[in-house]
>>> print(open('data_39.txt').read())   # compact mmCIF, C-alpha atoms
# COMPACT_ATOMS: atom_id res chain seq x y z
CA MET O 2 3.47 25.70 10.80
CA PRO O 3 5.90 25.34 7.91
CA LYS O 4 8.77 27.79 7.98
CA ALA O 5 9.35 29.07 4.48
CA SER O 6 12.73 30.54 5.36
CA GLY O 7 15.66 28.64 3.97
CA THR O 8 13.80 27.14 1.03
CA GLU O 9 15.18 27.83 -2.40
CA HIS O 10 11.86 29.17 -3.66
CA GLU O 11 11.57 32.05 -1.26
CA PRO O 12 12.18 35.43 -2.79
CA ASN O 13 14.14 37.91 -0.76
CA LEU O 14 11.40 39.65 1.15
CA VAL O 15 11.57 41.75 4.23
CA GLY O 16 9.30 42.91 7.00
CA ARG O 17 5.55 42.88 6.50
CA SER O 18 5.69 41.35 3.05
CA ALA O 19 7.65 38.33 4.29
CA GLN O 20 5.31 38.05 7.24
CA LYS O 21 2.28 38.00 4.95
CA ARG O 22 3.90 35.41 2.71
CA ARG O 23 4.43 33.15 5.72
CA ALA O 24 0.82 33.66 6.83
CA ILE O 25 -0.41 32.73 3.33
CA LEU O 26 1.75 29.59 3.21
CA SER O 27 0.60 28.52 6.63
CA ALA O 28 -3.06 29.07 5.76
CA ALA O 29 -2.64 27.37 2.38
CA ARG O 30 -1.13 24.30 3.99
CA GLU O 31 -4.14 24.01 6.29
CA VAL O 32 -6.64 24.48 3.45
CA PHE O 33 -4.92 22.02 1.07
CA LEU O 34 -4.61 19.35 3.77
CA GLU O 35 -8.25 19.76 4.72
CA HIS O 36 -9.85 19.86 1.27
CA GLY O 37 -7.31 18.47 -1.19
CA PHE O 38 -6.01 20.43 -4.14
CA GLN O 39 -9.10 20.55 -6.36
CA VAL O 40 -11.61 21.80 -3.83
CA ALA O 41 -9.25 24.23 -2.06
CA SER O 42 -9.80 27.86 -3.09
CA MET O 43 -7.64 30.96 -3.04
CA ASP O 44 -10.56 32.76 -1.35
CA GLU O 45 -10.42 30.43 1.60
CA VAL O 46 -6.64 30.78 1.85
CA ALA O 47 -6.93 34.58 1.83
CA ALA O 48 -9.62 34.54 4.51
CA LEU O 49 -7.68 32.19 6.78
CA ALA O 50 -4.45 34.16 6.31
CA GLU O 51 -6.36 37.40 7.00
CA VAL O 52 -5.06 39.07 3.86
CA SER O 53 -6.80 40.21 0.67
CA LYS O 54 -7.05 37.95 -2.35
CA VAL O 55 -4.97 40.51 -4.25
CA THR O 56 -2.18 40.01 -1.73
CA VAL O 57 -2.33 36.24 -2.21
CA TYR O 58 -1.96 36.67 -5.97
CA LYS O 59 0.86 39.19 -5.49
CA HIS O 60 2.86 36.38 -3.85
CA PHE O 61 1.60 33.36 -5.81
CA SER O 62 0.39 33.58 -9.39
CA ASP O 63 -2.06 30.68 -9.10
CA LYS O 64 -3.24 27.81 -6.92
CA GLN O 65 -0.67 25.42 -8.35
CA SER O 66 2.29 27.73 -7.58
CA LEU O 67 0.93 28.13 -4.08
CA PHE O 68 0.70 24.37 -3.54
CA VAL O 69 4.21 23.88 -4.95
CA ALA O 70 5.48 26.43 -2.40
CA VAL O 71 3.61 24.62 0.40
CA ILE O 72 5.09 21.26 -0.61
CA THR O 73 8.59 22.65 -0.97
CA ALA O 74 8.47 24.36 2.41
CA ALA O 75 7.15 21.25 4.18
CA ILE O 76 9.79 19.00 2.66
CA ALA O 77 12.60 21.50 3.31
CA GLU O 78 11.51 21.71 6.93
CA ALA O 79 11.43 17.91 7.25
CA GLU O 80 14.79 17.57 5.51
CA ALA O 81 16.45 20.14 7.74
CA THR O 82 15.71 17.95 10.76
CA SER O 83 17.76 14.99 9.55
CA ARG O 84 20.24 16.74 7.25
CA SER O 85 23.17 16.81 9.70
CA LEU O 86 22.59 13.14 10.56
CA VAL O 87 22.72 12.15 6.88
CA ASP O 88 25.62 14.41 5.97
CA ASN O 89 27.86 12.90 8.64
CA LEU O 90 27.18 9.25 7.77
CA GLY O 91 30.08 9.08 5.30
CA LYS O 92 32.58 9.89 8.06
CA SER O 93 31.02 7.51 10.59
CA MET O 94 33.26 5.37 12.79
CA GLU O 95 30.28 3.30 13.99
CA VAL O 96 28.33 2.67 10.80
CA GLU O 97 25.59 0.40 12.11
CA GLN O 98 24.92 2.54 15.16
CA ASP O 99 24.90 5.81 13.20
CA LEU O 100 22.63 4.34 10.53
CA ARG O 101 20.25 3.30 13.29
CA THR O 102 20.19 6.81 14.74
CA PHE O 103 19.51 8.22 11.28
CA ALA O 104 16.82 5.61 10.53
CA ARG O 105 14.94 6.31 13.76
CA GLN O 106 15.01 10.04 13.13
CA HIS O 107 14.05 9.63 9.47
CA ILE O 108 10.99 7.44 10.10
CA THR O 109 9.79 9.77 12.86
CA VAL O 110 10.00 12.82 10.59
CA VAL O 111 8.41 11.23 7.52
CA MET O 112 5.51 9.73 9.47
CA GLN O 113 4.31 13.11 10.76
CA PRO O 114 0.56 13.33 10.08
CA HIS O 115 0.77 16.51 7.97
CA LEU O 116 3.35 14.92 5.64
CA ILE O 117 1.27 11.73 5.33
CA GLN O 118 -1.79 13.75 4.39
CA MET O 119 0.15 15.96 1.98
CA ARG O 120 1.56 12.87 0.30
CA ARG O 121 -1.97 11.59 -0.15
CA VAL O 122 -3.13 14.88 -1.68
CA VAL O 123 -0.17 14.87 -4.08
CA ILE O 124 -0.77 11.26 -5.17
CA ALA O 125 -4.45 12.04 -5.66
CA GLU O 126 -3.58 14.76 -8.18
CA ALA O 127 -0.64 13.01 -9.88
CA THR O 128 -2.60 12.34 -13.07
CA ARG O 129 -4.33 15.71 -13.43
CA PHE O 130 -1.45 17.84 -12.13
CA PRO O 131 1.76 15.91 -12.77
CA GLU O 132 3.83 18.99 -11.94
CA LEU O 133 2.81 18.77 -8.27
CA ALA O 134 3.81 15.12 -8.05
CA ARG O 135 7.10 15.75 -9.81
CA THR O 136 7.88 18.60 -7.42
CA TRP O 137 7.22 16.33 -4.46
CA HIS O 138 9.24 13.47 -5.88
CA HIS O 139 12.16 15.68 -6.84
CA ALA O 140 12.34 17.64 -3.57
CA GLY O 141 11.61 14.58 -1.41
CA PRO O 142 12.66 11.03 -2.29
CA GLU O 143 14.90 11.86 -5.28
CA ARG O 144 17.03 14.39 -3.47
CA GLY O 145 17.00 12.28 -0.31
CA HIS O 146 18.24 9.22 -2.20
CA THR O 147 21.00 11.24 -3.88
CA ARG O 148 22.26 12.63 -0.59
CA LEU O 149 22.14 9.25 1.11
CA ALA O 150 23.88 7.58 -1.86
CA GLU O 151 26.80 10.04 -1.58
CA GLN O 152 27.34 9.06 2.03
CA ILE O 153 27.02 5.34 1.29
CA LYS O 154 29.59 5.77 -1.48
CA GLN O 155 32.01 7.33 1.03
CA LEU O 156 31.49 4.43 3.43
CA ALA O 157 32.20 2.01 0.57
CA GLU O 158 35.35 3.94 -0.39
CA ARG O 159 36.49 3.69 3.22
CA GLY O 160 36.02 -0.08 2.99
CA LEU O 161 33.19 -0.19 5.54
CA LEU O 162 30.44 -1.22 3.11
CA ASP O 163 30.44 -3.30 -0.07
CA VAL O 164 28.18 -1.40 -2.47
CA PRO O 165 28.33 -1.84 -6.26
CA ASP O 166 25.46 0.62 -6.82
CA PRO O 167 25.18 3.36 -4.13
CA MET O 168 21.89 4.77 -5.48
CA LEU O 169 20.19 1.37 -5.36
CA ALA O 170 21.57 0.80 -1.86
CA ALA O 171 20.24 4.20 -0.75
CA GLN O 172 16.79 3.37 -2.11
CA HIS O 173 16.86 -0.04 -0.42
CA LEU O 174 17.74 1.56 2.90
CA ASN O 175 15.16 4.33 2.60
CA TYR O 176 12.29 1.98 1.74
CA LEU O 177 13.35 -0.69 4.23
CA ILE O 178 12.96 2.04 6.85
CA LEU O 179 9.74 3.63 5.62
CA SER O 180 7.67 1.23 3.53
CA ILE O 181 5.77 -0.76 6.13
CA PRO O 182 4.28 2.12 8.14
CA LEU O 183 4.10 4.49 5.16
CA ASN O 184 2.05 2.08 3.05
CA GLU O 185 -0.21 1.25 5.95
CA ALA O 186 -0.71 4.94 6.62
CA MET O 187 -1.60 5.64 2.97
CA PHE O 188 -4.50 3.21 3.23
CA ALA O 189 -5.57 3.66 6.82
CA GLY O 190 -7.14 7.12 6.78
CA ARG O 191 -6.13 9.37 9.67
CA ASP O 192 -6.90 7.12 12.56
CA ARG O 193 -3.84 4.93 13.06
CA PRO O 194 -0.91 6.62 14.73
CA TYR O 195 2.26 4.64 15.39
CA SER O 196 4.00 4.49 18.71
CA ARG O 197 7.59 5.65 18.89
CA ARG O 198 8.51 2.08 19.89
CA GLN O 199 6.92 0.60 16.74
CA LEU O 200 8.64 3.12 14.48
CA HIS O 201 12.01 2.50 16.14
CA ARG O 202 11.61 -1.23 15.66
CA TYR O 203 10.99 -0.75 11.90
CA ALA O 204 14.06 1.50 11.76
CA ASP O 205 16.31 -0.93 13.62
CA GLU O 206 15.22 -3.96 11.58
CA ALA O 207 15.71 -2.00 8.36
CA VAL O 208 19.31 -1.25 9.33
CA ARG O 209 19.88 -4.87 10.32
CA VAL O 210 18.72 -6.08 6.88
CA PHE O 211 20.68 -3.36 5.09
CA MET O 212 23.90 -4.17 6.94
CA ALA O 213 23.52 -7.90 6.27
CA ALA O 214 23.30 -7.15 2.53
CA TYR O 215 25.90 -4.39 2.26
CA ARG O 216 28.45 -4.96 5.04
CA ALA O 217 31.99 -5.18 3.63
CA MET Q 4 -11.19 -6.56 -18.08
CA PRO Q 5 -11.47 -7.78 -14.48
CA LYS Q 6 -12.97 -11.24 -14.16
CA ALA Q 7 -15.29 -11.24 -11.22
CA SER Q 8 -15.56 -15.00 -11.12
CA GLY Q 9 -13.81 -16.59 -8.18
CA THR Q 10 -13.98 -13.52 -5.92
CA GLU Q 11 -15.63 -13.96 -2.59
CA HIS Q 12 -18.03 -11.08 -3.20
CA GLU Q 13 -19.76 -12.48 -6.21
CA PRO Q 14 -23.25 -13.73 -5.61
CA ASN Q 15 -24.29 -16.92 -7.32
CA LEU Q 16 -25.70 -15.60 -10.57
CA VAL Q 17 -26.36 -17.36 -13.80
CA GLY Q 18 -26.80 -16.51 -17.45
CA ARG Q 19 -27.79 -13.00 -18.44
CA SER Q 20 -27.69 -11.64 -14.92
CA ALA Q 21 -24.06 -12.74 -14.43
CA GLN Q 22 -23.20 -11.36 -17.83
CA LYS Q 23 -24.70 -7.97 -16.97
CA ARG Q 24 -22.86 -7.92 -13.66
CA ARG Q 25 -19.57 -8.47 -15.46
CA ALA Q 26 -20.38 -5.73 -17.96
CA ILE Q 27 -21.17 -3.32 -15.10
CA LEU Q 28 -17.92 -4.17 -13.28
CA SER Q 29 -15.88 -3.73 -16.43
CA ALA Q 30 -17.52 -0.38 -17.23
CA ALA Q 31 -17.18 0.77 -13.61
CA ARG Q 32 -13.48 0.00 -13.60
CA GLU Q 33 -13.00 2.15 -16.67
CA VAL Q 34 -15.05 5.03 -15.26
CA PHE Q 35 -13.38 5.00 -11.82
CA LEU Q 36 -9.89 4.86 -13.33
CA GLU Q 37 -10.68 7.71 -15.68
CA HIS Q 38 -12.44 10.11 -13.27
CA GLY Q 39 -11.56 8.99 -9.77
CA PHE Q 40 -14.17 7.99 -7.22
CA GLN Q 41 -15.81 11.34 -6.48
CA VAL Q 42 -16.52 12.46 -10.04
CA ALA Q 43 -17.51 9.02 -11.38
CA SER Q 44 -21.27 8.57 -11.69
CA MET Q 45 -23.58 5.57 -11.78
CA ASP Q 46 -25.19 7.09 -14.90
CA GLU Q 47 -21.93 6.93 -16.79
CA VAL Q 48 -21.33 3.36 -15.64
CA ALA Q 49 -24.82 2.33 -16.80
CA ALA Q 50 -24.34 4.01 -20.19
CA LEU Q 51 -20.94 2.42 -20.78
CA ALA Q 52 -22.18 -1.02 -19.68
CA GLU Q 53 -25.25 -0.59 -21.90
CA VAL Q 54 -27.66 -1.46 -19.12
CA SER Q 55 -30.27 0.62 -17.31
CA LYS Q 56 -29.47 2.46 -14.12
CA VAL Q 57 -32.04 0.27 -12.37
CA THR Q 58 -30.01 -2.78 -13.39
CA VAL Q 59 -26.84 -1.22 -11.95
CA TYR Q 60 -28.60 -0.64 -8.62
CA LYS Q 61 -30.04 -4.16 -8.69
CA HIS Q 62 -26.47 -5.47 -8.55
CA PHE Q 63 -24.78 -2.76 -6.47
CA SER Q 64 -26.61 -0.75 -3.83
CA ASP Q 65 -24.42 2.36 -4.22
CA LYS Q 66 -21.27 3.78 -5.78
CA GLN Q 67 -19.12 2.69 -2.86
CA SER Q 68 -20.24 -0.96 -3.06
CA LEU Q 69 -19.57 -0.88 -6.78
CA PHE Q 70 -16.05 0.45 -6.28
CA VAL Q 71 -15.38 -2.14 -3.56
CA ALA Q 72 -16.42 -4.85 -6.03
CA VAL Q 73 -14.13 -3.37 -8.69
CA ILE Q 74 -11.16 -3.27 -6.29
CA THR Q 75 -11.81 -6.78 -5.03
CA ALA Q 76 -12.06 -8.21 -8.54
CA ALA Q 77 -8.88 -6.48 -9.74
CA ILE Q 78 -6.87 -7.65 -6.75
CA ALA Q 79 -8.25 -11.20 -6.97
CA GLU Q 80 -7.29 -11.33 -10.62
CA ALA Q 81 -3.76 -10.06 -9.86
CA GLU Q 82 -3.40 -12.46 -6.95
CA ALA Q 83 -4.50 -15.46 -9.02
CA THR Q 84 -1.53 -14.89 -11.33
CA SER Q 85 1.11 -15.40 -8.67
CA ARG Q 86 -0.79 -17.58 -6.19
CA SER Q 87 0.73 -20.90 -7.24
CA LEU Q 88 4.23 -19.39 -7.17
CA VAL Q 89 3.72 -18.13 -3.61
CA ASP Q 90 1.99 -21.23 -2.33
CA ASN Q 91 4.87 -23.48 -3.41
CA LEU Q 92 7.66 -21.40 -1.87
CA GLY Q 93 7.50 -23.25 1.45
CA LYS Q 94 8.37 -26.55 -0.26
CA SER Q 95 11.14 -25.05 -2.40
CA MET Q 96 14.40 -26.95 -2.86
CA GLU Q 97 16.08 -23.93 -4.48
CA VAL Q 98 14.98 -21.05 -2.25
CA GLU Q 99 16.90 -18.17 -3.82
CA GLN Q 100 16.00 -19.16 -7.36
CA ASP Q 101 12.31 -19.71 -6.55
CA LEU Q 102 12.11 -16.42 -4.65
CA ARG Q 103 13.57 -14.70 -7.70
CA THR Q 104 10.96 -16.27 -9.99
CA PHE Q 105 8.23 -15.15 -7.58
CA ALA Q 106 9.71 -11.64 -7.23
CA ARG Q 107 9.89 -11.09 -10.99
CA GLN Q 108 6.31 -12.24 -11.44
CA HIS Q 109 5.07 -10.21 -8.47
CA ILE Q 110 6.60 -6.90 -9.60
CA THR Q 111 5.30 -7.39 -13.13
CA VAL Q 112 1.75 -7.97 -11.91
CA VAL Q 113 1.65 -5.15 -9.36
CA MET Q 114 3.11 -2.58 -11.77
CA GLN Q 115 0.32 -3.03 -14.31
CA PRO Q 116 -0.96 0.47 -15.22
CA HIS Q 117 -4.57 -0.20 -14.18
CA LEU Q 118 -3.47 -1.31 -10.70
CA ILE Q 119 -1.17 1.72 -10.32
CA GLN Q 120 -4.01 4.04 -11.24
CA MET Q 121 -6.50 2.23 -8.98
CA ARG Q 122 -4.06 2.49 -6.11
CA ARG Q 123 -3.85 6.22 -6.71
CA VAL Q 124 -7.65 6.58 -6.71
CA VAL Q 125 -7.91 4.59 -3.47
CA ILE Q 126 -5.24 6.67 -1.72
CA ALA Q 127 -6.92 9.85 -2.92
CA GLU Q 128 -10.13 8.85 -1.13
CA ALA Q 129 -8.57 7.28 1.97
CA THR Q 130 -9.61 10.16 4.21
CA ARG Q 131 -13.17 10.67 2.93
CA PHE Q 132 -13.94 6.99 2.28
CA PRO Q 133 -11.72 4.95 4.61
CA GLU Q 134 -13.73 1.82 3.80
CA LEU Q 135 -12.35 1.78 0.24
CA ALA Q 136 -8.77 2.05 1.44
CA ARG Q 137 -9.29 -0.61 4.10
CA THR Q 138 -10.77 -2.96 1.48
CA TRP Q 139 -7.74 -2.43 -0.73
CA HIS Q 140 -5.28 -2.88 2.11
CA HIS Q 141 -7.00 -5.97 3.44
CA ALA Q 142 -7.46 -7.71 0.07
CA GLY Q 143 -4.05 -6.64 -1.24
CA PRO Q 144 -0.97 -6.13 0.93
CA GLU Q 145 -2.37 -7.56 4.18
CA ARG Q 146 -3.49 -10.85 2.69
CA GLY Q 147 -0.38 -10.99 0.50
CA HIS Q 148 1.90 -10.56 3.51
CA THR Q 149 0.05 -13.22 5.47
CA ARG Q 150 0.34 -15.77 2.67
CA LEU Q 151 3.99 -14.99 2.09
CA ALA Q 152 4.73 -15.15 5.82
CA GLU Q 153 3.28 -18.68 6.00
CA GLN Q 154 5.66 -19.86 3.30
CA ILE Q 155 8.64 -18.10 4.87
CA LYS Q 156 7.77 -19.78 8.16
CA GLN Q 157 7.85 -23.18 6.44
CA LEU Q 158 11.26 -22.40 4.96
CA ALA Q 159 12.50 -21.42 8.42
CA GLU Q 160 11.09 -24.64 9.93
CA ARG Q 161 12.95 -26.60 7.26
CA GLY Q 162 16.15 -24.81 8.32
CA LEU Q 163 16.59 -22.96 5.03
CA LEU Q 164 15.99 -19.46 6.42
CA ASP Q 165 16.64 -17.85 9.79
CA VAL Q 166 13.51 -15.80 10.53
CA PRO Q 167 12.50 -14.71 14.05
CA ASP Q 168 9.44 -12.81 12.74
CA PRO Q 169 7.95 -14.24 9.50
CA MET Q 170 5.44 -11.40 9.05
CA LEU Q 171 8.16 -8.75 9.24
CA ALA Q 172 10.33 -10.77 6.85
CA ALA Q 173 7.41 -11.05 4.40
CA GLN Q 174 6.88 -7.29 4.53
CA HIS Q 175 10.60 -6.66 4.02
CA LEU Q 176 10.62 -8.94 0.98
CA ASN Q 177 7.45 -7.46 -0.52
CA TYR Q 178 8.60 -3.86 -0.17
CA LEU Q 179 12.19 -4.60 -1.24
CA ILE Q 180 10.66 -5.92 -4.46
CA LEU Q 181 8.05 -3.22 -5.05
CA SER Q 182 8.95 0.04 -3.33
CA ILE Q 183 11.33 1.69 -5.79
CA PRO Q 184 9.18 1.47 -8.94
CA LEU Q 185 5.89 1.68 -7.06
CA ASN Q 186 6.78 4.94 -5.31
CA GLU Q 187 8.15 6.43 -8.50
CA ALA Q 188 4.97 5.42 -10.32
CA MET Q 189 2.76 7.02 -7.64
CA PHE Q 190 4.39 10.39 -8.30
CA ALA Q 191 5.13 10.18 -12.00
CA GLY Q 192 1.66 10.38 -13.54
CA ARG Q 193 0.93 7.87 -16.30
CA ASP Q 194 3.89 8.49 -18.53
CA ARG Q 195 6.73 6.40 -17.21
CA PRO Q 196 6.51 2.70 -18.00
CA TYR Q 197 9.25 0.37 -16.82
CA SER Q 198 11.04 -2.07 -19.04
CA ARG Q 199 10.86 -5.75 -18.14
CA ARG Q 200 14.63 -5.64 -17.66
CA GLN Q 201 14.41 -2.82 -15.07
CA LEU Q 202 11.66 -4.57 -13.13
CA HIS Q 203 13.58 -7.86 -13.12
CA ARG Q 204 16.66 -6.09 -11.80
CA TYR Q 205 14.66 -4.63 -8.88
CA ALA Q 206 13.26 -8.11 -8.22
CA ASP Q 207 16.65 -9.83 -8.30
CA GLU Q 208 18.33 -7.23 -6.08
CA ALA Q 209 15.46 -7.45 -3.61
CA VAL Q 210 15.95 -11.19 -3.30
CA ARG Q 211 19.71 -10.76 -2.93
CA VAL Q 212 19.21 -8.34 0.00
CA PHE Q 213 16.50 -10.51 1.55
CA MET Q 214 18.65 -13.65 1.39
CA ALA Q 215 21.66 -11.84 2.88
CA ALA Q 216 19.52 -10.86 5.86
CA TYR Q 217 17.52 -14.06 6.33
CA ARG Q 218 19.64 -16.93 5.02
CA ALA Q 219 20.08 -19.64 7.65
>>> encode(input="data_39.txt", output="structure tokens")
Amino acid sequence: MPKASGTEHEPNLVGRSAQKRRAILSAAREVFLEHGFQVASMDEVAALAEVSKVTVYKHFSDKQSLFVAVITAAIAEAEATSRSLVDNLGKSMEVEQDLRTFARQHITVVMQPHLIQMRRVVIAEATRFPELARTWHHAGPERGHTRLAEQIKQLAERGLLDVPDPMLAAQHLNYLILSIPLNEAMFAGRDRPYSRRQLHRYADEAVRVFMAAYRA
Amino acid sequence: MPKASGTEHEPNLVGRSAQKRRAILSAAREVFLEHGFQVASMDEVAALAEVSKVTVYKHFSDKQSLFVAVITAAIAEAEATSRSLVDNLGKSMEVEQDLRTFARQHITVVMQPHLIQMRRVVIAEATRFPELARTWHHAGPERGHTRLAEQIKQLAERGLLDVPDPMLAAQHLNYLILSIPLNEAMFAGRDRPYSRRQLHRYADEAVRVFMAAYRA
């Protein structure tokens, strides 16, 4: 269940109202992942959340706002898991080892089935509802690359990496870690889970390639 | 327009029948890209191709077979463009330079708007119609990686690269080249074209990173 608390989009609610909002978000996530954006209905969300449709609309003005809130909450939750790992990279004394720890954590988080399926739903609607895709891209990869680039810049300033363009280096690292399993997952339906060992190998090899290219 | 000739799925047709098949494929591509797989109808394809619905079904037993043929033709056409570049990499005397030429060509081909949109349609249906996604993955990235890995293996055998796992190296190279613009494109709707200069920079930097990691 996605925890909405801590996301920037959550209004300051207390008690029963906050509880209902969480129930709606949780139900909405389930409905969107099951049916996609187009087919999903506010009626079904209300029924699953055990609230009235009026209550749903009191919290979310339309289906698109509701899906944006679901996306934002899911990404914030995923990000929270690896935030401290990323934010300490710049101060690392053991760059390669700390990058490997980050990479293993990162790939494990991003490859969670609900995020894979949500990514698919977002891509599916990118043409008809570009706002959804932009929200995903901004809250996910864009912000992730920016945060990673800041840390890489610090490592370069400390003379531990040689990086003319920290943003490009951050994108290289991110996609070296994720691309192989993420692309396979996009095209493989729901039936191909990865073992922890496989994911760790992708993470370790990504860091090896990255260090070869960017070591000072 | 996708040329169906040369794909493995094309039956041996001559004259008017082959002409009609091409017209159907071309119309189908347009309809699928415009509406996605679910909403697209065989009626619309027949109307746009200016043939009867019976003729459409004579060539393609159902909508899924038709879409598989469209995917296969589009990928075969894209592949044909860079095939000779890939197939000569193993014999290269100037590895870095030849990889760069390949990378620039590869990114230009893959980022064509119709392939981006088709990729989106395929991902959208990956859960409901896994066969479509598997066809795409098999004809596209999987076969591409295999062919690239063979050439990388030859370069390693000639002592020009140091590659313990040619398939992994091929995947690293492919995604270093494509991931940044391809992921942005997936989430950006139809409105963000890349300049040739931007794409070439991604290609060149990908080869730089790859060579740093795999140079002998």
>>> residues_around(input="data_39.txt", residues="range 154-159 of chain O", least_positions_apart="3", cutoff="9 Å", atoms="only C-alpha atoms", output="number ranges by chain")
O: 90-93, 96, 149-151, 162-168, 217
>>> atom_distance(input="data_39.txt", atom1="CA of Ala189 in chain O", atom2="CA of Glu143 in chain O")
25.2 Å
>>> atom_distance(input="data_39.txt", atom1="CA of Ser182 in chain Q", atom2="CA of Ala140 in chain O")
17.9 Å
>>> atom_distance(input="data_39.txt", atom1="CA of Ser85 in chain Q", atom2="CA of Phe40 in chain Q")
28.0 Å
>>> closest_residue(input="data_39.txt", among="O:Ala77, O:Arg101, O:Leu133, O:His115", to="Lys64 in chain O", atoms="all atoms listed in the file")
O:Leu133
>>> interface_residues(input="data_39.txt", of="chain Q", to="chain O", cutoff="6 Å", atoms="all atoms listed in the file", output="PyMOL selection string")
chain Q and resi 123+127+129-130+133+136+190+192+212+215-216
>>> closest_residue(input="data_39.txt", among="O:Val208, O:Ala171, O:Leu116, O:Leu200", to="Ala74 in chain O", atoms="only C-alpha atoms")
O:Leu116
>>> build_atoms(input="data_39.txt", residues="range 164-176 of chain O", atoms="N, CA, C and O atoms", output="PDB file, in the coordinates of the input")
ATOM      1  N   VAL O 164      29.348  -1.944  -1.768  1.00  0.00           N
ATOM      2  CA  VAL O 164      28.180  -1.400  -2.470  1.00  0.00           C
ATOM      3  C   VAL O 164      28.497  -1.150  -3.949  1.00  0.00           C
ATOM      4  O   VAL O 164      29.089  -0.131  -4.299  1.00  0.00           O
ATOM      5  N   PRO O 165      28.078  -2.050  -4.826  1.00  0.00           N
ATOM      6  CA  PRO O 165      28.330  -1.840  -6.260  1.00  0.00           C
ATOM      7  C   PRO O 165      27.516  -0.668  -6.825  1.00  0.00           C
ATOM      8  O   PRO O 165      27.969   0.004  -7.740  1.00  0.00           O
ATOM      9  N   ASP O 166      26.329  -0.417  -6.278  1.00  0.00           N
ATOM     10  CA  ASP O 166      25.460   0.620  -6.820  1.00  0.00           C
ATOM     11  C   ASP O 166      24.894   1.462  -5.657  1.00  0.00           C
ATOM     12  O   ASP O 166      23.851   1.133  -5.081  1.00  0.00           O
ATOM     13  N   PRO O 167      25.574   2.572  -5.309  1.00  0.00           N
ATOM     14  CA  PRO O 167      25.180   3.360  -4.130  1.00  0.00           C
ATOM     15  C   PRO O 167      23.742   3.885  -4.198  1.00  0.00           C
ATOM     16  O   PRO O 167      23.066   3.957  -3.169  1.00  0.00           O
ATOM     17  N   MET O 168      23.255   4.251  -5.378  1.00  0.00           N
ATOM     18  CA  MET O 168      21.890   4.770  -5.480  1.00  0.00           C
ATOM     19  C   MET O 168      20.877   3.666  -5.133  1.00  0.00           C
ATOM     20  O   MET O 168      19.932   3.896  -4.378  1.00  0.00           O
ATOM     21  N   LEU O 169      21.092   2.477  -5.680  1.00  0.00           N
ATOM     22  CA  LEU O 169      20.190   1.370  -5.360  1.00  0.00           C
ATOM     23  C   LEU O 169      20.232   1.048  -3.863  1.00  0.00           C
ATOM     24  O   LEU O 169      19.187   0.837  -3.227  1.00  0.00           O
ATOM     25  N   ALA O 170      21.437   1.071  -3.293  1.00  0.00           N
ATOM     26  CA  ALA O 170      21.570   0.800  -1.860  1.00  0.00           C
ATOM     27  C   ALA O 170      20.833   1.852  -1.032  1.00  0.00           C
ATOM     28  O   ALA O 170      20.170   1.530  -0.035  1.00  0.00           O
ATOM     29  N   ALA O 171      20.936   3.114  -1.464  1.00  0.00           N
ATOM     30  CA  ALA O 171      20.240   4.200  -0.750  1.00  0.00           C
ATOM     31  C   ALA O 171      18.734   3.995  -0.808  1.00  0.00           C
ATOM     32  O   ALA O 171      18.019   4.185   0.190  1.00  0.00           O
ATOM     33  N   GLN O 172      18.238   3.606  -1.970  1.00  0.00           N
ATOM     34  CA  GLN O 172      16.790   3.370  -2.110  1.00  0.00           C
ATOM     35  C   GLN O 172      16.368   2.166  -1.267  1.00  0.00           C
ATOM     36  O   GLN O 172      15.320   2.194  -0.618  1.00  0.00           O
ATOM     37  N   HIS O 173      17.173   1.110  -1.270  1.00  0.00           N
ATOM     38  CA  HIS O 173      16.860  -0.040  -0.420  1.00  0.00           C
ATOM     39  C   HIS O 173      16.752   0.389   1.047  1.00  0.00           C
ATOM     40  O   HIS O 173      15.797   0.049   1.740  1.00  0.00           O
ATOM     41  N   LEU O 174      17.745   1.147   1.498  1.00  0.00           N
ATOM     42  CA  LEU O 174      17.740   1.560   2.900  1.00  0.00           C
ATOM     43  C   LEU O 174      16.517   2.426   3.210  1.00  0.00           C
ATOM     44  O   LEU O 174      15.785   2.182   4.174  1.00  0.00           O
ATOM     45  N   ASN O 175      16.285   3.416   2.370  1.00  0.00           N
ATOM     46  CA  ASN O 175      15.160   4.330   2.600  1.00  0.00           C
ATOM     47  C   ASN O 175      13.828   3.568   2.694  1.00  0.00           C
ATOM     48  O   ASN O 175      13.036   3.782   3.613  1.00  0.00           O
ATOM     49  N   TYR O 176      13.589   2.665   1.747  1.00  0.00           N
ATOM     50  CA  TYR O 176      12.290   1.980   1.740  1.00  0.00           C
ATOM     51  C   TYR O 176      12.226   0.843   2.751  1.00  0.00           C
ATOM     52  O   TYR O 176      11.134   0.501   3.216  1.00  0.00           O
TER      53      TYR O 176
END
